[in-house]
>>> print(open('protein-v6.tsv').read())   # TSV, C-alpha atoms
chain	number	residue	atom	x	y	z
Y	1	MET	CA	93.61	118.17	116.05
Y	2	ASN	CA	94.97	116.29	119.07
Y	3	GLU	CA	92.15	113.75	118.96
Y	4	VAL	CA	92.83	112.99	115.29
Y	5	PHE	CA	96.55	112.75	116.01
Y	6	LEU	CA	96.02	110.31	118.90
Y	7	ARG	CA	93.58	108.24	116.86
Y	8	VAL	CA	96.15	107.85	114.08
Y	9	ILE	CA	98.73	106.57	116.57
Y	10	ALA	CA	96.23	104.14	118.09
Y	11	GLN	CA	95.32	102.81	114.64
Y	12	MET	CA	98.99	102.29	113.83
Y	13	LEU	CA	99.48	100.29	117.03
Y	14	MET	CA	96.41	98.18	116.27
Y	15	ASP	CA	98.28	96.98	113.17
Y	16	ASP	CA	99.93	93.69	114.20
Y	17	LYS	CA	102.73	94.24	111.70
Y	18	ILE	CA	103.76	97.48	113.41
Y	19	ARG	CA	103.04	96.46	117.00
Y	20	GLU	CA	105.04	93.23	116.68
Y	21	GLY	CA	107.95	94.82	114.80
Y	22	LYS	CA	107.34	92.91	111.55
Y	23	SER	CA	107.84	95.72	109.04
Y	24	GLU	CA	110.71	95.30	106.57
Y	25	TYR	CA	112.57	98.27	108.04
Y	26	VAL	CA	112.38	97.05	111.65
Y	27	GLU	CA	113.28	93.46	110.73
Y	28	GLU	CA	116.30	94.69	108.77
Y	29	ILE	CA	117.72	96.94	111.50
Y	30	ARG	CA	117.20	94.23	114.13
Y	31	GLU	CA	119.00	91.68	111.96
Y	32	ILE	CA	122.00	94.01	111.62
Y	33	ALA	CA	122.14	94.51	115.41
Y	34	GLU	CA	121.78	90.76	115.98
Y	35	GLU	CA	124.75	90.02	113.71
Y	36	LEU	CA	126.95	92.45	115.65
Y	37	GLU	CA	125.84	91.41	119.13
Y	38	PRO	CA	128.04	88.27	119.62
Y	39	HIS	CA	131.17	90.40	119.29
Y	40	PHE	CA	130.14	92.87	122.01
Y	41	ASP	CA	128.09	90.78	124.44
Y	42	GLU	CA	129.27	88.22	127.00
Y	43	ASP	CA	126.32	85.87	126.49
Y	44	TYR	CA	126.70	82.66	124.49
Y	45	PRO	CA	125.61	83.36	120.86
Y	46	LYS	CA	123.31	80.35	120.61
Y	47	LYS	CA	121.69	81.30	117.32
Y	48	LEU	CA	124.98	81.99	115.54
Y	49	LEU	CA	126.80	78.84	116.68
Y	50	ARG	CA	123.86	76.44	116.39
Y	51	VAL	CA	123.92	77.03	112.63
Y	52	GLN	CA	127.42	75.55	112.65
Y	53	HIS	CA	126.34	72.40	114.55
Y	54	PRO	CA	122.63	71.71	113.96
Y	55	GLY	CA	122.76	67.99	114.85
Y	56	GLU	CA	125.31	67.75	117.62
Y	57	GLN	CA	124.76	65.81	120.84
Y	58	PRO	CA	123.14	67.66	123.78
Y	59	TRP	CA	126.22	67.30	125.99
Y	60	MET	CA	128.35	69.00	123.36
Y	61	ARG	CA	125.97	71.93	123.14
Y	62	LEU	CA	125.97	72.30	126.94
Y	63	TYR	CA	129.75	72.01	127.09
Y	64	ARG	CA	130.19	74.75	124.51
Y	65	LYS	CA	127.87	77.04	126.45
Y	66	GLU	CA	129.53	76.43	129.82
Y	67	ARG	CA	133.05	76.97	128.45
Y	68	TRP	CA	132.10	79.97	126.32
Y	69	GLN	CA	134.33	83.06	126.37
Y	70	PRO	CA	133.72	86.01	123.98
Y	71	LYS	CA	137.04	85.91	122.13
Y	72	THR	CA	136.29	88.68	119.62
Y	73	ARG	CA	135.44	91.23	122.31
Y	74	THR	CA	139.16	91.87	122.43
Y	75	ALA	CA	139.03	93.18	118.86
Y	76	THR	CA	135.93	95.31	119.32
Y	77	GLY	CA	137.30	96.59	122.61
Y	78	ARG	CA	140.49	97.77	120.91
Y	79	VAL	CA	138.47	99.64	118.30
Y	80	PHE	CA	136.44	101.28	121.05
Y	81	THR	CA	139.47	102.40	123.09
Y	82	THR	CA	141.28	103.62	119.97
Y	83	LEU	CA	138.34	105.82	118.96
Y	84	GLN	CA	138.10	107.15	122.51
Y	85	LYS	CA	141.59	108.59	122.07
Y	86	ILE	CA	140.19	111.09	119.55
Y	87	GLN	CA	139.53	113.33	122.56
Y	88	GLN	CA	143.27	113.43	123.26
Y	89	ALA	CA	144.23	114.73	119.81
Y	90	ASP	CA	145.82	118.18	119.76
Y	91	ASP	CA	143.37	119.44	117.14
Y	92	PHE	CA	140.23	117.99	118.74
Y	93	LYS	CA	137.66	120.68	119.44
Y	94	VAL	CA	133.91	120.88	119.85
Y	95	GLN	CA	132.43	123.94	118.15
Y	96	PHE	CA	129.11	125.33	119.37
Y	97	LYS	CA	126.57	127.50	117.61
Y	98	GLU	CA	125.95	130.76	119.42
Y	99	ASP	CA	123.43	132.54	117.19
Y	100	PHE	CA	120.08	132.95	118.97
Y	101	LYS	CA	118.23	132.11	115.75
Y	102	GLU	CA	119.92	128.68	115.70
Y	103	THR	CA	120.05	127.84	119.40
Y	104	GLY	CA	117.06	129.71	120.83
Y	105	ILE	CA	119.31	130.67	123.77
Y	106	ALA	CA	119.98	134.35	124.35
Y	107	GLU	CA	123.38	135.56	125.57
Y	108	THR	CA	121.66	137.02	128.63
Y	109	ASN	CA	120.07	133.69	129.59
Y	110	PRO	CA	120.70	133.23	133.34
Y	111	LYS	CA	121.34	129.51	132.82
Y	112	GLY	CA	124.25	130.26	130.51
Y	113	SER	CA	125.12	129.46	126.92
Y	114	LEU	CA	124.54	126.29	124.93
Y	115	LYS	CA	128.22	125.46	125.34
Y	116	ASN	CA	128.03	125.82	129.11
Y	117	TYR	CA	124.96	123.58	129.28
Y	118	LEU	CA	126.37	120.81	127.07
Y	119	MET	CA	129.87	120.80	128.52
Y	120	TYR	CA	129.12	121.25	132.21
Y	121	ASP	CA	125.40	120.90	133.05
Y	122	LEU	CA	124.08	118.08	130.86
Y	123	PRO	CA	121.74	115.90	132.97
Y	124	LEU	CA	122.90	112.40	133.84
Y	125	TYR	CA	126.20	112.57	131.92
Y	126	GLY	CA	127.53	115.95	132.99
Y	127	SER	CA	129.03	116.61	129.56
Y	128	ILE	CA	128.10	115.85	125.97
Y	129	GLU	CA	131.67	114.59	125.45
Y	130	THR	CA	131.17	112.02	128.20
Y	131	PHE	CA	128.05	110.73	126.48
Y	132	VAL	CA	129.51	110.68	122.95
Y	133	PHE	CA	132.73	108.87	123.88
Y	134	SER	CA	131.07	106.29	126.15
Y	135	ILE	CA	127.52	105.10	125.43
Y	136	GLY	CA	127.27	107.03	122.18
Y	137	LEU	CA	130.45	105.50	120.77
Y	138	CYS	CA	129.50	102.01	121.92
Y	139	LYS	CA	126.11	102.25	120.18
Y	140	TYR	CA	127.75	103.70	117.06
Y	141	LEU	CA	129.76	100.49	116.74
Y	142	GLU	CA	127.19	97.96	118.00
Y	143	ASN	CA	123.75	99.45	117.25
Y	144	PRO	CA	124.05	101.67	114.17
Y	145	ASN	CA	120.27	101.97	113.75
Y	146	ALA	CA	119.52	102.88	117.35
Y	147	ALA	CA	117.62	106.15	117.83
Y	148	ILE	CA	118.73	109.00	120.10
Y	149	PHE	CA	115.92	111.10	121.56
Y	150	ILE	CA	117.05	114.57	122.65
Y	151	GLY	CA	114.49	115.46	125.26
Y	152	PRO	CA	113.62	115.79	128.94
Y	153	ASP	CA	113.56	113.12	131.60
Y	154	ILE	CA	110.18	111.38	131.15
Y	155	GLU	CA	110.70	108.32	133.36
Y	156	SER	CA	108.39	109.59	136.14
Y	157	TRP	CA	105.70	110.50	133.62
Y	158	ILE	CA	105.81	107.00	132.09
Y	159	LYS	CA	105.34	105.47	135.54
Y	160	GLU	CA	102.55	107.86	136.57
Y	161	PRO	CA	101.19	109.58	133.45
Y	162	LEU	CA	98.23	111.18	135.25
Y	163	ASN	CA	100.28	112.91	137.95
Y	164	GLN	CA	103.72	113.61	136.53
Y	165	GLY	CA	103.10	115.22	133.13
Y	166	ALA	CA	103.14	118.78	134.45
Y	167	LEU	CA	106.53	118.17	136.13
Y	168	ILE	CA	108.43	117.42	132.91
Y	169	ASN	CA	111.23	119.97	132.51
Y	170	PHE	CA	111.73	120.64	128.81
Y	171	GLU	CA	114.50	123.13	129.63
Y	172	GLU	CA	116.87	120.30	130.55
Y	173	PRO	CA	117.05	117.91	127.57
Y	174	PHE	CA	119.64	115.18	127.27
Y	175	PRO	CA	120.31	112.22	124.92
Y	176	GLN	CA	118.33	109.01	125.54
Y	177	ILE	CA	118.89	105.90	123.42
Y	178	PHE	CA	116.34	103.41	122.09
Y	179	GLU	CA	117.94	100.30	120.58
Y	180	GLU	CA	116.67	98.45	117.53
Y	181	GLU	CA	114.82	95.86	119.60
Y	182	ASP	CA	112.66	98.67	121.05
Y	183	ILE	CA	111.84	100.43	117.76
Y	184	LEU	CA	108.48	99.61	116.14
Y	185	PHE	CA	108.12	102.43	113.63
Y	186	LYS	CA	110.24	105.30	112.37
Y	187	ASP	CA	109.87	107.88	109.64
Y	188	GLU	CA	110.94	111.47	109.07
Y	189	TYR	CA	108.57	112.86	111.70
Y	190	THR	CA	107.64	109.99	114.05
Y	191	LEU	CA	109.31	107.41	116.26
Y	192	ILE	CA	107.31	104.70	118.05
Y	193	VAL	CA	109.09	102.49	120.58
Y	194	LYS	CA	107.91	99.71	122.86
Y	195	LEU	CA	108.52	100.28	126.56
Y	196	ASP	CA	108.68	97.79	129.40
Y	197	GLN	CA	105.29	96.35	130.30
Y	198	TYR	CA	103.40	97.79	133.27
Y	199	LYS	CA	101.12	96.09	135.79
Y	200	ALA	CA	97.45	97.00	136.17
Y	201	LYS	CA	94.17	95.30	137.01
Y	202	ASP	CA	91.99	93.80	134.32
Y	203	MET	CA	88.18	93.98	134.24
Y	204	ASN	CA	88.01	91.15	136.81
Y	205	GLY	CA	90.31	92.89	139.26
Y	206	ASN	CA	93.31	90.64	138.57
Y	207	TYR	CA	96.73	92.18	138.07
Y	208	MET	CA	98.15	91.63	134.59
Y	209	LYS	CA	101.05	92.88	132.53
Y	210	TRP	CA	100.06	95.22	129.71
Y	211	ASP	CA	101.95	96.71	126.78
Y	212	GLN	CA	102.88	100.38	126.63
Y	213	PHE	CA	104.36	102.45	123.83
Y	214	LEU	CA	106.03	105.84	123.49
Y	215	THR	CA	105.51	108.00	120.41
Y	216	ILE	CA	107.85	110.94	119.77
Y	217	THR	CA	106.95	113.66	117.24
Y	218	GLU	CA	107.69	117.34	116.65
Y	219	MET	CA	104.33	118.15	118.28
Y	220	GLY	CA	105.03	116.34	121.55
Y	221	LEU	CA	105.01	112.97	123.30
Y	222	VAL	CA	102.33	110.30	123.48
Y	223	LEU	CA	102.23	107.44	125.98
Y	224	THR	CA	99.88	104.68	124.79
Y	225	ARG	CA	98.91	102.04	127.34
Y	226	GLN	CA	97.07	98.81	126.68
Y	227	ILE	CA	94.07	98.37	128.99
Y	228	LYS	CA	92.17	95.60	127.16
Y	229	PRO	CA	93.14	92.48	125.19
Y	230	TYR	CA	93.76	93.11	121.50
Y	231	ALA	CA	90.68	92.28	119.44
Y	232	LYS	CA	88.90	93.42	116.31
Y	233	ASP	CA	86.63	96.47	116.73
Y	234	VAL	CA	87.89	97.06	120.27
Y	235	ASP	CA	89.83	100.12	121.42
Y	236	PRO	CA	92.39	98.59	123.80
Y	237	PHE	CA	94.31	101.78	124.65
Y	238	ASP	CA	94.52	104.69	127.03
Y	239	GLN	CA	96.59	107.59	125.71
Y	240	TYR	CA	98.39	110.44	127.45
Y	241	PHE	CA	99.59	113.40	125.39
Y	242	ILE	CA	102.22	115.97	126.35
Y	243	ASP	CA	101.87	118.93	124.00
Y	244	HIS	CA	105.25	120.48	123.20
Y	245	ASP	CA	106.62	122.17	120.09
Y	246	PHE	CA	110.10	120.74	119.64
Y	247	LYS	CA	110.71	123.02	116.60
Y	248	ALA	CA	112.36	120.04	114.89
Y	249	PHE	CA	112.10	116.26	115.12
Y	250	PRO	CA	114.10	115.50	118.31
Y	251	VAL	CA	115.42	112.12	117.14
Y	252	VAL	CA	118.59	111.19	115.27
Y	253	THR	CA	119.96	107.81	114.19
Y	254	VAL	CA	123.32	106.72	115.59
Y	255	GLY	CA	124.95	105.31	112.44
Y	256	SER	CA	126.71	107.01	109.54
Y	257	VAL	CA	127.40	104.20	107.02
Y	258	ILE	CA	124.35	104.00	104.76
Y	259	TYR	CA	123.55	100.42	103.70
Y	260	GLU	CA	120.18	100.54	101.97
Y	261	VAL	CA	116.66	101.97	102.06
Y	262	GLU	CA	113.71	100.03	103.55
Y	263	ASP	CA	110.16	101.40	103.74
Y	264	GLY	CA	111.52	104.78	102.74
Y	265	GLN	CA	113.98	104.90	105.66
Y	266	LEU	CA	117.76	104.76	105.58
Y	267	VAL	CA	119.30	101.61	107.06
Y	268	TYR	CA	122.83	101.88	108.44
Y	269	ASN	CA	125.66	99.39	108.81
Y	270	SER	CA	128.29	99.58	111.50
Y	271	VAL	CA	131.79	100.61	110.52
Y	272	LEU	CA	132.73	97.14	111.83
Y	273	THR	CA	130.34	95.20	109.57
Y	274	PRO	CA	133.13	94.25	107.08
Y	275	CYS	CA	134.91	92.45	109.95
Y	276	LEU	CA	132.00	90.11	110.71
Y	277	PRO	CA	132.90	87.19	108.37
Y	278	ALA	CA	136.40	86.89	109.88
Y	279	TRP	CA	135.16	87.37	113.44
Y	280	ASN	CA	132.39	84.80	112.99
Y	281	ASP	CA	134.93	82.29	111.69
Y	282	ALA	CA	137.07	82.94	114.76
Y	283	LEU	CA	134.11	82.10	117.01
Y	284	PHE	CA	133.32	78.96	114.98
Y	285	MET	CA	136.92	77.72	115.16
Y	286	ASN	CA	137.27	78.39	118.88
Y	287	ASP	CA	133.94	76.70	119.57
Y	288	ASP	CA	134.99	73.60	117.61
Y	289	PHE	CA	138.35	73.53	119.35
Y	290	LEU	CA	136.72	73.31	122.79
Y	291	VAL	CA	134.68	70.22	121.95
Y	292	ASN	CA	137.47	68.49	119.98
Y	293	LYS	CA	139.83	69.07	122.85
Y	294	ALA	CA	137.35	67.47	125.25
Y	295	LEU	CA	136.87	64.49	122.92
Y	296	HIS	CA	140.42	63.77	121.84
Y	297	SER	CA	142.98	65.58	123.99
Y	298	ASN	CA	141.99	64.55	127.50
Y	299	PRO	CA	143.79	61.46	128.86
Y	300	ILE	CA	141.99	58.08	128.80
Y	301	PHE	CA	142.57	55.66	131.70
Y	302	TRP	CA	143.01	51.95	130.91
Y	303	ARG	CA	142.84	49.02	133.30
Y	304	TYR	CA	145.09	46.02	132.66
Y	305	LYS	CA	143.88	42.53	133.34
Y	306	ASN	CA	145.91	39.30	133.32
Y	307	SER	CA	143.11	37.11	132.05
Y	308	PRO	CA	142.28	36.94	128.32
Y	309	CYS	CA	139.89	39.52	126.99
Y	310	LYS	CA	136.45	38.01	126.34
Y	311	THR	CA	135.90	40.17	123.29
>>> encode(input="protein-v6.tsv", output="structure tokens")
Amino acid sequence: MNEVFLRVIAQMLMDDKIREGKSEYVEEIREIAEELEPHFDEDYPKKLLRVQHPGEQPWMRLYRKERWQPKTRTATGRVFTTLQKIQQADDFKVQFKEDFKETGIAETNPKGSLKNYLMYDLPLYGSIETFVFSIGLCKYLENPNAAIFIGPDIESWIKEPLNQGALINFEEPFPQIFEEEDILFKDEYTLIVKLDQYKAKDMNGNYMKWDQFLTITEMGLVLTRQIKPYAKDVDPFDQYFIDHDFKAFPVVTVGSVIYEVEDGQLVYNSVLTPCLPAWNDALFMNDDFLVNKALHSNPIFWRYKNSPCKT
């Protein structure tokens, strides 16, 4: 069973369309994130603003980039801080399930209840509220199709899959986010994401950077590492499987505003998507203002000469 399962994943990753993120679903969710990014990020939105000025002089393009300030981050920042105040409402309350059949946690569990774990002992964040109203809220606004994996810390296993697999503690899960740029495939039961490349020797003993991928399913986790160049009729992967019954698919999507369906999967818009036309115009106008000010508003120095002008 495991061998068939691993072979299916390897065959999926041999498909260039999946491995390179070219499916209609992945392209759509990345486009949505890309449209939102200029209003959250400090970097100059080159792709967005170049559309406005495709034939401008190089010095103008450089000037725009050097003088760039993310004006619309003020607006998105206000939305973020306003939503954070939900925690301060008098009627705000987090309700927890306590039935053993739903939580799998008995009242006599020495580590405490589900509420105690999520509110006081959640790894990395300390509390589920801290996660939701910080990174979770930010991704809800900026990356509505990002995926949240509720699982154990697997960072050490990814670095050393042969030695660290047995040390994974499934009793201490916490939310971990994969943004749209990392997602390669997603359906009702499977999530495949691309991880950072790792270094290893090739057949000639030279160190190279190789691809690696993480697959999350109800049955467990699979780390797939490239060990050979991609080629037809060649198996380029090593695979490491952690067998674990999650009881349910441990992945949820961040967004809540359904936009459309691609490849059988729901695609979400941000609640801020309707603001994009006005915010984009604000960036265009500010960008134009910077260059026009440099061209026409700065003082010009003239030199007077007593002799007649030759021209």
>>> residues_around(input="protein-v6.tsv", residues="His39 (chain Y)", least_positions_apart="5", cutoff="8 Å", atoms="all atoms listed in the file", output="PyMOL selection string")
chain Y and resi 70-73+76+279
>>> residues_around(input="protein-v6.tsv", residues="Gly165 (chain Y)", least_positions_apart="6", cutoff="10 Å", atoms="only C-alpha atoms", output="PyMOL selection string")
chain Y and resi 154+156-158+240-243
>>> residues_around(input="protein-v6.tsv", residues="Asp245 (chain Y)", least_positions_apart="3", cutoff="7 Å", atoms="all atoms listed in the file", output="PyMOL selection string")
chain Y and resi 218-220
>>> residues_around(input="protein-v6.tsv", residues="Gly126 (chain Y)", least_positions_apart="6", cutoff="10 Å", atoms="all atoms listed in the file", output="ChimeraX atom specification")
/Y:117-120,174
>>> atom_distance(input="protein-v6.tsv", atom1="CA of Leu6 (chain Y)", atom2="CA of Pro236 (chain Y)")
13.2 Å
>>> closest_residue(input="protein-v6.tsv", among="Y:Glu179, Y:Asp91, Y:Asp235, Y:Asp15", to="Cys138 (chain Y)", atoms="only C-alpha atoms")
Y:Glu179
>>> closest_residue(input="protein-v6.tsv", among="Y:Phe249, Y:Leu266, Y:Val222, Y:Val193", to="Arg7 (chain Y)", atoms="only C-alpha atoms")
Y:Val222
>>> closest_residue(input="protein-v6.tsv", among="Y:Lys209, Y:Gln197, Y:Trp68, Y:Gly136", to="Asn286 (chain Y)", atoms="only C-alpha atoms")
Y:Trp68
>>> closest_residue(input="protein-v6.tsv", among="Y:Tyr25, Y:Gly77, Y:Tyr189, Y:Asn145", to="Val261 (chain Y)", atoms="all atoms listed in the file")
Y:Tyr25
